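This report concerns only the one structure given below.
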Amino acid sequence: MRTGWVSLSLAALLGAGLISGCQSTTYGGATHSSRSQFLMVPSAEVNQSAALAYNKELTKARSAGTLNTNKAYVARVNAISRRLIAQVGVFRPDALSWPWQVNVFQSDEVNAFCMPGGKIGVYSGLIDKLKLTDDELAAVLGHEISHALREHSREQMSQEVAKQEGLSIVGALAGLSGGAIDLANVASKFVFTLPFSRTMESEADIMGLELMARAGYNPEAAVDVWRKMEQLGKSGAELLSTHPSSATRIQDLQSHLPQVMPLYEAAKNKYRSTP
């Protein structure tokens with residue numbers, strides 16, 4: 001799940017350095033999880049907008065009495081998230097200082113998310129309906145955190161702006177005034193319609209696999225959890241609307257296990273006595 005962002009003017013985007021070229025948001029780690037990305041939209045603007053949207057979701061949940069009501073789930077999600085977040089510096093050191101937030105929403109929805117800038121949300125239905133172990137929950141959280149580390153939402157927004165607003169951008173660069181890009185409409189399409197690309201999903205899978213291994217969670221559980229999701233998907237799991245599962249995806253996870261199992265073996269004793 002991804003929540004909407006506020007509008008951004010073309011002038012603000014240009015002033016923040018719209019034409020930034022291609023770059024990678026992360027180092028590769030043991031799984032070489034890096035790729036040149038097209039990033040036009042400024043990261044600071046996306047993160048600020050995401051934080052506002054996240055706070056709006058928290059306000060709604062508080063009003064409905066559905067925020068962090070299951071203390072056992074809150075403790076589990078926070079403990080697992082802390083261990084995963086402690087490993088993000090392998091991929092991008094700056095993420096260690098992000099203002100991370102973790103919350104659990106009481107809902108039958110089978111879903112979880114990590115918004116830009118480290119805003120994590122887990123729906124209780126994900127844990128209830130899939131009966132997730134801690135290792136399996138770490139696989140889901142590692143996957144979602146990886147989307148944020150790779151800034152996949154920012155990348156998709158950049159692609160959409162380039163595609164839909166190319167003429168407006170050219171005009172502005174030529175010195176024309178007026179006109180604006182409403183990224184709220186772009187973002188709403190990402191929330192309700194557009195999934196991440198297969199490339200992005202694969203990146204999040206494999207980076208998440210490494211995160212959970214480094215945090216002392218058995219990466220073999222990632223295969224198990226996606227099999228559970230695939231089975232539940234036959235009855236319409238919301239998570240699979242934006243996180244498609246397939247035999248190829250599971251095979252890809254399995255093919256990367258040899259890269260990350262040594263990391264897990266090295267880390268598991270450190271965390272043996274912790275949740």
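Chains: A, B, ... in order of the structure tokens. Residues: from 1 per chain. Ligands: from 1, in order shown.
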Excluding Met212 (chain A) and its own-chain neighbours fewer than 4 positions away, which residues fall within 8 Å of it when counting only C-alpha atoms? Please give them as a PyMOL selection string.
chain A and resi 84+135+138-139+142+208+216-219+264
Picked from region 86-174 of chain A by DSSP as strand (DSSP E or B), as number ranges by chain
A: 101-105, 112-115, 119-123
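The coordinates place CA of Ser146 (chain A) at 16.8 Å from CA of Leu39 (chain A).
Closest approach to Pro262 (chain A) among A:Ile250, A:Leu130, A:Val225, A:Ala213 is made by A:Ala213 (distances from only C-alpha atoms).
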Counting only C-alpha atoms, the option among A:Ile120, A:Met157, A:Val140, A:Leu96 closest to Leu58 (chain A)
A:Ile120
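Proximity to Met229 (chain A) was assessed for A:His143, A:Arg82, A:Lys129, A:Arg76 counting only C-alpha atoms; the smallest distance is recorded for A:Lys129.
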